[in-house]
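Note: the block below is run.pdb and it holds PDB, C-alpha atoms, pLDDT in the B column.
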```pdb
ATOM      1  CA  MET A  20    -144.624 164.341 -86.824  1.00 48.00           C
ATOM      2  CA  THR A  21    -146.409 165.514 -83.686  1.00 60.00           C
ATOM      3  CA  ALA A  22    -145.781 163.412 -80.585  1.00 67.00           C
ATOM      4  CA  PRO A  23    -148.831 161.708 -79.042  1.00 81.00           C
ATOM      5  CA  ALA A  24    -150.480 163.857 -76.390  1.00 89.00           C
ATOM      6  CA  PRO A  25    -151.027 162.767 -72.771  1.00 94.00           C
ATOM      7  CA  LEU A  26    -154.527 161.503 -72.014  1.00 97.00           C
ATOM      8  CA  VAL A  27    -156.286 163.152 -69.065  1.00 98.00           C
ATOM      9  CA  VAL A  28    -159.288 161.239 -67.726  1.00 98.00           C
ATOM     10  CA  ALA A  29    -161.852 161.785 -65.000  1.00 98.00           C
ATOM     11  CA  ALA A  30    -165.132 160.204 -64.014  1.00 97.00           C
ATOM     12  CA  THR A  31    -167.261 163.311 -64.573  1.00 96.00           C
ATOM     13  CA  LYS A  32    -167.270 166.453 -66.689  1.00 96.00           C
ATOM     14  CA  ILE A  33    -167.056 168.751 -63.680  1.00 95.00           C
ATOM     15  CA  GLU A  34    -163.897 167.024 -62.423  1.00 97.00           C
ATOM     16  CA  LEU A  35    -162.302 166.985 -65.872  1.00 98.00           C
ATOM     17  CA  SER A  36    -163.182 170.609 -66.615  1.00 97.00           C
ATOM     18  CA  ALA A  37    -161.710 171.809 -63.329  1.00 97.00           C
ATOM     19  CA  ALA A  38    -158.568 169.697 -63.656  1.00 97.00           C
ATOM     20  CA  THR A  39    -157.755 170.870 -67.182  1.00 97.00           C
ATOM     21  CA  SER A  40    -158.801 174.516 -66.772  1.00 96.00           C
ATOM     22  CA  ARG A  41    -155.236 175.771 -66.280  1.00 95.00           C
ATOM     23  CA  LEU A  42    -153.339 173.456 -68.602  1.00 95.00           C
ATOM     24  CA  PRO A  43    -151.293 174.804 -71.516  1.00 89.00           C
ATOM     25  CA  GLY A  44    -150.218 172.853 -74.543  1.00 84.00           C
ATOM     26  CA  ALA A  45    -151.684 169.807 -76.212  1.00 88.00           C
ATOM     27  CA  PHE A  46    -153.524 167.043 -74.422  1.00 94.00           C
ATOM     28  CA  ARG A  47    -156.485 164.730 -74.889  1.00 95.00           C
ATOM     29  CA  SER A  48    -159.198 164.658 -72.267  1.00 97.00           C
ATOM     30  CA  GLU A  49    -162.139 162.305 -71.804  1.00 97.00           C
ATOM     31  CA  THR A  50    -164.716 161.440 -69.173  1.00 98.00           C
ATOM     32  CA  LEU A  51    -165.079 157.798 -68.225  1.00 98.00           C
ATOM     33  CA  GLY A  52    -168.254 157.856 -66.162  1.00 96.00           C
ATOM     34  CA  ILE A  53    -168.691 156.741 -62.578  1.00 96.00           C
ATOM     35  CA  GLY A  54    -167.874 153.215 -61.453  1.00 95.00           C
ATOM     36  CA  PRO A  55    -165.342 150.544 -62.396  1.00 96.00           C
ATOM     37  CA  GLU A  56    -167.235 148.753 -65.159  1.00 96.00           C
ATOM     38  CA  ARG A  57    -168.031 151.926 -67.085  1.00 96.00           C
ATOM     39  CA  ALA A  58    -164.533 153.338 -66.553  1.00 97.00           C
ATOM     40  CA  HIS A  59    -162.803 150.148 -67.706  1.00 98.00           C
ATOM     41  CA  ARG A  60    -164.938 149.846 -70.831  1.00 97.00           C
ATOM     42  CA  ARG A  61    -164.413 153.456 -71.906  1.00 97.00           C
ATOM     43  CA  MET A  62    -160.722 153.507 -71.008  1.00 98.00           C
ATOM     44  CA  ALA A  63    -160.047 150.385 -73.044  1.00 98.00           C
ATOM     45  CA  ALA A  64    -161.945 151.795 -76.022  1.00 98.00           C
ATOM     46  CA  LEU A  65    -160.036 155.090 -75.865  1.00 97.00           C
ATOM     47  CA  LEU A  66    -156.646 153.420 -75.875  1.00 96.00           C
ATOM     48  CA  GLU A  67    -157.630 150.952 -78.583  1.00 96.00           C
ATOM     49  CA  ALA A  68    -158.780 153.801 -80.812  1.00 95.00           C
ATOM     50  CA  ARG A  69    -155.741 155.980 -80.118  1.00 94.00           C
ATOM     51  CA  PRO A  70    -152.768 154.973 -77.950  1.00 94.00           C
ATOM     52  CA  ALA A  71    -151.447 157.455 -75.383  1.00 96.00           C
ATOM     53  CA  PRO A  72    -147.920 157.907 -74.001  1.00 96.00           C
ATOM     54  CA  LEU A  73    -149.312 158.252 -70.485  1.00 97.00           C
ATOM     55  CA  VAL A  74    -152.585 158.510 -68.610  1.00 98.00           C
ATOM     56  CA  LEU A  75    -153.282 161.179 -66.014  1.00 98.00           C
ATOM     57  CA  GLU A  76    -156.263 160.240 -63.852  1.00 98.00           C
ATOM     58  CA  VAL A  77    -157.785 163.185 -61.968  1.00 98.00           C
ATOM     59  CA  GLY A  78    -160.758 163.651 -59.675  1.00 97.00           C
ATOM     60  CA  LEU A  79    -162.052 163.656 -56.135  1.00 97.00           C
ATOM     61  CA  ALA A  80    -161.717 160.920 -53.530  1.00 97.00           C
ATOM     62  CA  GLY A  81    -163.159 159.943 -50.186  1.00 96.00           C
ATOM     63  CA  GLY A  82    -160.951 159.892 -47.114  1.00 97.00           C
ATOM     64  CA  LEU A  83    -160.748 156.668 -45.128  1.00 97.00           C
ATOM     65  CA  GLU A  84    -158.126 157.629 -42.566  1.00 94.00           C
ATOM     66  CA  ARG A  85    -158.451 160.387 -39.992  1.00 93.00           C
ATOM     67  CA  THR A  86    -155.304 162.266 -40.997  1.00 93.00           C
ATOM     68  CA  LEU A  87    -156.878 163.162 -44.351  1.00 95.00           C
ATOM     69  CA  ALA A  88    -158.775 166.467 -44.435  1.00 95.00           C
ATOM     70  CA  HIS A  89    -160.970 168.251 -46.976  1.00 94.00           C
ATOM     71  CA  GLY A  90    -158.895 169.468 -49.901  1.00 95.00           C
ATOM     72  CA  ASP A  91    -155.866 167.277 -49.235  1.00 97.00           C
ATOM     73  CA  VAL A  92    -154.055 166.264 -52.409  1.00 98.00           C
ATOM     74  CA  VAL A  93    -153.197 162.583 -52.783  1.00 98.00           C
ATOM     75  CA  VAL A  94    -150.934 160.859 -55.282  1.00 98.00           C
ATOM     76  CA  CYS A  95    -151.753 157.190 -55.740  1.00 98.00           C
ATOM     77  CA  LEU A  96    -148.944 154.651 -55.397  1.00 97.00           C
ATOM     78  CA  GLY A  97    -151.121 151.567 -55.722  1.00 96.00           C
ATOM     79  CA  VAL A  98    -154.737 150.465 -55.807  1.00 97.00           C
ATOM     80  CA  THR A  99    -156.714 147.516 -54.537  1.00 96.00           C
ATOM     81  CA  ARG A 100    -160.346 146.569 -54.985  1.00 96.00           C
ATOM     82  CA  ALA A 101    -162.775 146.275 -52.112  1.00 93.00           C
ATOM     83  CA  GLY A 102    -163.006 142.630 -51.102  1.00 85.00           C
ATOM     84  CA  SER A 103    -159.965 141.633 -53.151  1.00 86.00           C
ATOM     85  CA  ASN A 104    -156.383 140.824 -52.154  1.00 82.00           C
ATOM     86  CA  GLY A 105    -154.880 141.962 -55.464  1.00 88.00           C
ATOM     87  CA  ARG A 106    -152.905 145.214 -55.717  1.00 93.00           C
ATOM     88  CA  TRP A 107    -151.912 147.162 -58.814  1.00 94.00           C
ATOM     89  CA  SER A 108    -148.906 149.468 -58.629  1.00 95.00           C
ATOM     90  CA  LEU A 109    -148.995 152.760 -60.504  1.00 97.00           C
ATOM     91  CA  ASP A 110    -145.964 154.378 -62.139  1.00 97.00           C
ATOM     92  CA  ALA A 111    -143.518 155.176 -59.322  1.00 96.00           C
ATOM     93  CA  GLY A 112    -141.508 157.604 -61.433  1.00 97.00           C
ATOM     94  CA  LEU A 113    -144.573 159.673 -62.316  1.00 97.00           C
ATOM     95  CA  ALA A 114    -145.713 159.630 -58.688  1.00 97.00           C
ATOM     96  CA  GLY A 115    -142.315 160.791 -57.442  1.00 97.00           C
ATOM     97  CA  GLY A 116    -142.147 163.568 -60.020  1.00 97.00           C
ATOM     98  CA  ALA A 117    -145.645 164.692 -59.113  1.00 98.00           C
ATOM     99  CA  LEU A 118    -144.847 164.841 -55.409  1.00 98.00           C
ATOM    100  CA  ALA A 119    -141.711 166.897 -56.076  1.00 98.00           C
ATOM    101  CA  ALA A 120    -143.603 169.295 -58.348  1.00 98.00           C
ATOM    102  CA  LEU A 121    -146.392 169.740 -55.820  1.00 98.00           C
ATOM    103  CA  ALA A 122    -143.897 170.423 -53.044  1.00 98.00           C
ATOM    104  CA  GLY A 123    -142.159 172.975 -55.271  1.00 97.00           C
ATOM    105  CA  ALA A 124    -145.482 174.741 -55.794  1.00 97.00           C
ATOM    106  CA  GLY A 125    -146.145 174.849 -52.055  1.00 97.00           C
ATOM    107  CA  ILE A 126    -148.912 172.222 -52.247  1.00 97.00           C
ATOM    108  CA  PHE A 127    -148.690 169.524 -49.600  1.00 95.00           C
ATOM    109  CA  ALA A 128    -149.528 166.092 -50.957  1.00 97.00           C
ATOM    110  CA  ARG A 129    -149.421 162.535 -49.689  1.00 96.00           C
ATOM    111  CA  ALA A 130    -148.414 159.391 -51.540  1.00 96.00           C
ATOM    112  CA  ILE A 131    -150.951 156.724 -50.638  1.00 96.00           C
ATOM    113  CA  ASP A 132    -152.745 153.552 -51.654  1.00 96.00           C
ATOM    114  CA  ILE A 133    -156.346 153.831 -52.836  1.00 96.00           C
ATOM    115  CA  VAL A 134    -159.075 151.218 -52.636  1.00 98.00           C
ATOM    116  CA  GLU A 135    -161.637 151.067 -55.431  1.00 98.00           C
ATOM    117  CA  SER A 136    -165.293 150.614 -54.509  1.00 96.00           C
ATOM    118  CA  PRO A 137    -168.055 149.653 -56.965  1.00 94.00           C
ATOM    119  CA  ARG A 138    -170.441 152.029 -55.168  1.00 92.00           C
ATOM    120  CA  LEU A 139    -170.280 155.443 -53.563  1.00 91.00           C
ATOM    121  CA  VAL A 140    -169.195 155.030 -49.958  1.00 94.00           C
ATOM    122  CA  ALA A 141    -171.443 157.643 -48.401  1.00 90.00           C
ATOM    123  CA  ARG A 142    -171.834 156.586 -44.779  1.00 93.00           C
ATOM    124  CA  ALA A 143    -169.121 157.149 -42.203  1.00 95.00           C
ATOM    125  CA  GLU A 144    -169.574 153.669 -40.760  1.00 96.00           C
ATOM    126  CA  ASP A 145    -169.030 152.125 -44.193  1.00 96.00           C
ATOM    127  CA  LYS A 146    -165.855 154.175 -44.693  1.00 96.00           C
ATOM    128  CA  ARG A 147    -164.475 152.983 -41.388  1.00 96.00           C
ATOM    129  CA  ALA A 148    -165.299 149.390 -42.297  1.00 96.00           C
ATOM    130  CA  LEU A 149    -163.616 149.777 -45.678  1.00 96.00           C
ATOM    131  CA  TYR A 150    -160.491 151.167 -44.038  1.00 96.00           C
ATOM    132  CA  ALA A 151    -160.433 148.283 -41.565  1.00 95.00           C
ATOM    133  CA  SER A 152    -160.624 145.718 -44.371  1.00 94.00           C
ATOM    134  CA  SER A 153    -158.294 147.395 -46.881  1.00 94.00           C
ATOM    135  CA  ARG A 154    -155.990 149.705 -44.886  1.00 93.00           C
ATOM    136  CA  ALA A 155    -156.152 152.029 -47.898  1.00 95.00           C
ATOM    137  CA  VAL A 156    -156.118 155.721 -46.997  1.00 95.00           C
ATOM    138  CA  ALA A 157    -158.661 156.876 -49.604  1.00 97.00           C
ATOM    139  CA  VAL A 158    -161.358 155.477 -51.864  1.00 97.00           C
ATOM    140  CA  SER A 159    -162.236 156.050 -55.503  1.00 97.00           C
ATOM    141  CA  MET A 160    -164.516 154.225 -57.923  1.00 97.00           C
ATOM    142  CA  GLU A 161    -162.344 154.029 -61.040  1.00 97.00           C
ATOM    143  CA  THR A 162    -158.614 153.788 -60.278  1.00 98.00           C
ATOM    144  CA  ALA A 163    -158.182 150.001 -60.504  1.00 97.00           C
ATOM    145  CA  ALA A 164    -160.365 149.854 -63.614  1.00 97.00           C
ATOM    146  CA  ILE A 165    -158.194 152.488 -65.302  1.00 98.00           C
ATOM    147  CA  ALA A 166    -155.007 150.704 -64.255  1.00 97.00           C
ATOM    148  CA  LEU A 167    -156.263 147.422 -65.727  1.00 96.00           C
ATOM    149  CA  ALA A 168    -157.437 148.963 -68.995  1.00 97.00           C
ATOM    150  CA  ALA A 169    -154.215 150.963 -69.341  1.00 97.00           C
ATOM    151  CA  GLU A 170    -151.859 148.137 -68.418  1.00 95.00           C
ATOM    152  CA  GLY A 171    -148.413 148.892 -69.797  1.00 95.00           C
ATOM    153  CA  VAL A 172    -149.138 152.634 -70.146  1.00 97.00           C
ATOM    154  CA  PRO A 173    -147.597 154.959 -67.518  1.00 97.00           C
ATOM    155  CA  HIS A 174    -150.450 155.951 -65.185  1.00 98.00           C
ATOM    156  CA  LEU A 175    -150.521 158.786 -62.659  1.00 98.00           C
ATOM    157  CA  ALA A 176    -153.567 159.182 -60.398  1.00 98.00           C
ATOM    158  CA  LEU A 177    -153.940 162.587 -58.744  1.00 98.00           C
ATOM    159  CA  ARG A 178    -156.977 163.190 -56.565  1.00 98.00           C
ATOM    160  CA  VAL A 179    -158.266 165.614 -53.934  1.00 98.00           C
ATOM    161  CA  VAL A 180    -160.129 164.555 -50.800  1.00 97.00           C
ATOM    162  CA  PHE A 181    -163.771 165.634 -50.870  1.00 95.00           C
ATOM    163  CA  ASP A 182    -165.199 163.920 -47.785  1.00 94.00           C
ATOM    164  CA  THR A 183    -163.511 162.721 -44.625  1.00 95.00           C
ATOM    165  CA  VAL A 184    -163.884 159.381 -42.908  1.00 96.00           C
ATOM    166  CA  ASP A 185    -166.135 160.525 -40.069  1.00 94.00           C
ATOM    167  CA  GLU A 186    -168.848 162.241 -42.102  1.00 91.00           C
ATOM    168  CA  ASP A 187    -171.806 161.075 -44.141  1.00 90.00           C
ATOM    169  CA  VAL A 188    -172.089 162.296 -47.738  1.00 84.00           C
ATOM    170  CA  ALA A 189    -175.367 163.777 -48.958  1.00 76.00           C
ATOM    171  CA  LEU A 190    -174.978 162.541 -52.544  1.00 72.00           C
ATOM    172  CA  THR A 191    -175.604 158.812 -52.928  1.00 74.00           C
ATOM    173  CA  ASP A 192    -175.834 156.354 -55.824  1.00 75.00           C
ATOM    174  CA  GLU A 193    -179.595 156.895 -55.912  1.00 76.00           C
ATOM    175  CA  LEU A 194    -179.230 160.671 -56.454  1.00 68.00           C
ATOM    176  CA  ILE A 195    -176.744 160.694 -59.341  1.00 77.00           C
ATOM    177  CA  ASP A 196    -176.470 158.841 -62.619  1.00 76.00           C
ATOM    178  CA  GLY A 197    -173.429 157.191 -64.160  1.00 78.00           C
ATOM    179  CA  GLU A 198    -172.180 160.502 -65.574  1.00 81.00           C
ATOM    180  CA  GLY A 199    -172.396 162.333 -62.246  1.00 78.00           C
ATOM    181  CA  ARG A 200    -175.609 164.193 -63.071  1.00 79.00           C
ATOM    182  CA  VAL A 201    -178.248 164.623 -60.381  1.00 72.00           C
ATOM    183  CA  ARG A 202    -181.446 162.624 -60.949  1.00 75.00           C
ATOM    184  CA  PRO A 203    -184.217 165.258 -60.517  1.00 76.00           C
ATOM    185  CA  GLY A 204    -186.929 162.803 -59.498  1.00 77.00           C
ATOM    186  CA  ALA A 205    -184.778 161.076 -56.921  1.00 69.00           C
ATOM    187  CA  LEU A 206    -183.636 164.450 -55.556  1.00 64.00           C
ATOM    188  CA  VAL A 207    -187.211 165.679 -55.099  1.00 65.00           C
ATOM    189  CA  ARG A 208    -188.242 162.483 -53.344  1.00 77.00           C
ATOM    190  CA  THR A 209    -185.236 162.706 -51.031  1.00 70.00           C
ATOM    191  CA  LEU A 210    -185.859 166.344 -50.133  1.00 65.00           C
ATOM    192  CA  VAL A 211    -189.528 165.648 -49.404  1.00 68.00           C
ATOM    193  CA  ALA A 212    -188.675 162.691 -47.196  1.00 75.00           C
ATOM    194  CA  ARG A 213    -185.658 164.337 -45.533  1.00 78.00           C
ATOM    195  CA  PRO A 214    -185.833 168.156 -45.791  1.00 73.00           C
ATOM    196  CA  LYS A 215    -182.584 168.591 -43.848  1.00 72.00           C
ATOM    197  CA  THR A 216    -180.785 167.065 -46.829  1.00 72.00           C
ATOM    198  CA  THR A 217    -181.047 170.494 -48.487  1.00 70.00           C
ATOM    199  CA  VAL A 218    -178.526 171.981 -46.072  1.00 62.00           C
ATOM    200  CA  ALA A 219    -176.168 169.041 -46.551  1.00 69.00           C
ATOM    201  CA  LEU A 220    -176.364 169.321 -50.344  1.00 68.00           C
ATOM    202  CA  VAL A 221    -175.623 173.056 -50.277  1.00 64.00           C
ATOM    203  CA  ARG A 222    -172.672 172.425 -47.998  1.00 75.00           C
ATOM    204  CA  SER A 223    -171.452 169.691 -50.343  1.00 76.00           C
ATOM    205  CA  GLY A 224    -171.687 172.042 -53.305  1.00 77.00           C
ATOM    206  CA  LEU A 225    -169.554 174.677 -51.598  1.00 76.00           C
ATOM    207  CA  ARG A 226    -167.047 172.067 -50.510  1.00 84.00           C
ATOM    208  CA  ALA A 227    -166.861 170.678 -54.032  1.00 87.00           C
ATOM    209  CA  ARG A 228    -165.917 174.097 -55.388  1.00 91.00           C
ATOM    210  CA  THR A 229    -163.011 174.297 -52.950  1.00 94.00           C
ATOM    211  CA  ALA A 230    -161.845 170.756 -53.729  1.00 95.00           C
ATOM    212  CA  LEU A 231    -162.066 171.288 -57.481  1.00 96.00           C
ATOM    213  CA  ASP A 232    -160.070 174.510 -57.252  1.00 97.00           C
ATOM    214  CA  ARG A 233    -157.407 172.637 -55.316  1.00 97.00           C
ATOM    215  CA  LEU A 234    -157.466 169.929 -58.000  1.00 98.00           C
ATOM    216  CA  ALA A 235    -156.921 172.543 -60.739  1.00 98.00           C
ATOM    217  CA  ARG A 236    -153.929 173.987 -58.871  1.00 98.00           C
ATOM    218  CA  ALA A 237    -152.433 170.554 -58.248  1.00 98.00           C
ATOM    219  CA  VAL A 238    -152.774 169.375 -61.860  1.00 98.00           C
ATOM    220  CA  ALA A 239    -151.281 172.641 -63.157  1.00 97.00           C
ATOM    221  CA  ALA A 240    -148.287 172.180 -60.836  1.00 98.00           C
ATOM    222  CA  VAL A 241    -147.706 168.593 -61.968  1.00 97.00           C
ATOM    223  CA  TRP A 242    -148.306 169.162 -65.673  1.00 97.00           C
ATOM    224  CA  PRO A 243    -144.779 170.320 -66.620  1.00 95.00           C
ATOM    225  CA  THR A 244    -143.384 167.009 -65.367  1.00 93.00           C
ATOM    226  CA  ILE A 245    -145.543 164.914 -67.732  1.00 92.00           C
ATOM    227  CA  SER A 246    -146.328 167.070 -70.769  1.00 83.00           C
TER     228      SER A 246
END
```

Using structure tokens, write down the structure from this file.
Amino acid sequence: MTAPAPLVVAATKIELSAATSRLPGAFRSETLGIGPERAHRRMAALLEARPAPLVLEVGLAGGLERTLAHGDVVVCLGVTRAGSNGRWSLDAGLAGGALAALAGAGIFARAIDIVESPRLVARAEDKRALYASSRAVAVSMETAAIALAAEGVPHLALRVVFDTVDEDVALTDELIDGEGRVRPGALVRTLVARPKTTVALVRSGLRARTALDRLARAVAAVWPTIS
């Protein structure tokens, strides 16, 4: 009888495709959508329909602390929710194995706590405020939701920093839908109102390619420790 395959999840198709592009062997992969409510609902349904021996969460993250740079790999030790005092610990054994594998592949990574936000944190001032209130080093929008839905299942969260704490992000909640797709109408209105956004969006696209390539390398390095 074939052993159950690890479940690899990401918010969007582009993150999932990049993360799994270099993986050998058997695995399941699913997108959860952007945001905690959507991610929790889909994660719970996936595990109810077909249990998994472990969950590998992959994707991009926002930096909240000035030592994090574009492309830095982070392994999540625990997650809180913005405005909440609760903290969920992720699997320490998986995190330790991932850090060792990344170091062996010559990829520097940090073990950190992540804070989950219900919205994209696009403005630098909001990132600084979130760091001040949470002391988390990076922000995602799904990690706590996945941890709650997958309670009792070993969970490793591996992410790459896309934006740093002192910069504004061109993509906002208004420009993308819950699956990470750009809303054409909203994009046109934004470009008409703020033409300089074009340059920022192009720069973001190039930066995303670099971050996603780093994510693919990191996941490939970690994969032998969990597959």

Test item: residues at most 7 Å from range 119-124 of chain A, all atoms listed in the file, excluding those fewer than 5 positions along its chain, as a list in words: Ala237, Ala240 and Val241 of chain A

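Within 6 Å of range 153-168 of chain A there are Gly54, Pro55, Ala58, His59, Met62, Ala63, Ala80, Gly81, Gly82, Leu83, Glu84, Val98, Asp132, Ile133, Val134, Glu135, Ser136, Pro137, Leu149 and Tyr150 of chain A, counting only C-alpha atoms and ignoring same-chain residues fewer than 3 positions away.
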
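Across the model, the gap from CA of Ala30 in chain A to CA of Gly199 in chain A is 7.8 Å.
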
CA of Arg57 in chain A and CA of Val28 in chain A are how many Å apart? 12.8 Å

Pick out the closest residue to Leu87 in chain A from this set: A:Glu193, A:Val179, A:Glu198, A:Pro203. Count all atoms listed in the file.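 Counting all atoms listed in the file, the residue closest to Leu87 in chain A is A:Val179.
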
Which neighbours of Leu177 in chain A fall inside 10 Å, counting only C-alpha atoms, when residues of the same chain fewer than 5 positions from it are skipped, and could you give them as a list in words? Ala38, Leu75, Glu76, Val77, Gly78, Leu79, Ala80, Val92, Val93, Val94, Cys95, Leu96, Ala114, Ala117, Leu118, Ala128, Ala130, Leu234, Ala237, Val238 and Val241 of chain A

So, with all atoms listed in the file as the atoms that count, which of A:Ile131, A:Leu190, A:Leu113, A:Val184 lies closest to Val74 in chain A?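 Closest candidate: A:Leu113.
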
Measuring atom to atom with only C-alpha atoms, identify which of A:Pro214, A:Arg228, A:Glu170, A:Ala143 is nearest to Asp187 in chain A.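 Ranking A:Pro214, A:Arg228, A:Glu170, A:Ala143 by distance to Asp187 in chain A, first place goes to A:Ala143.
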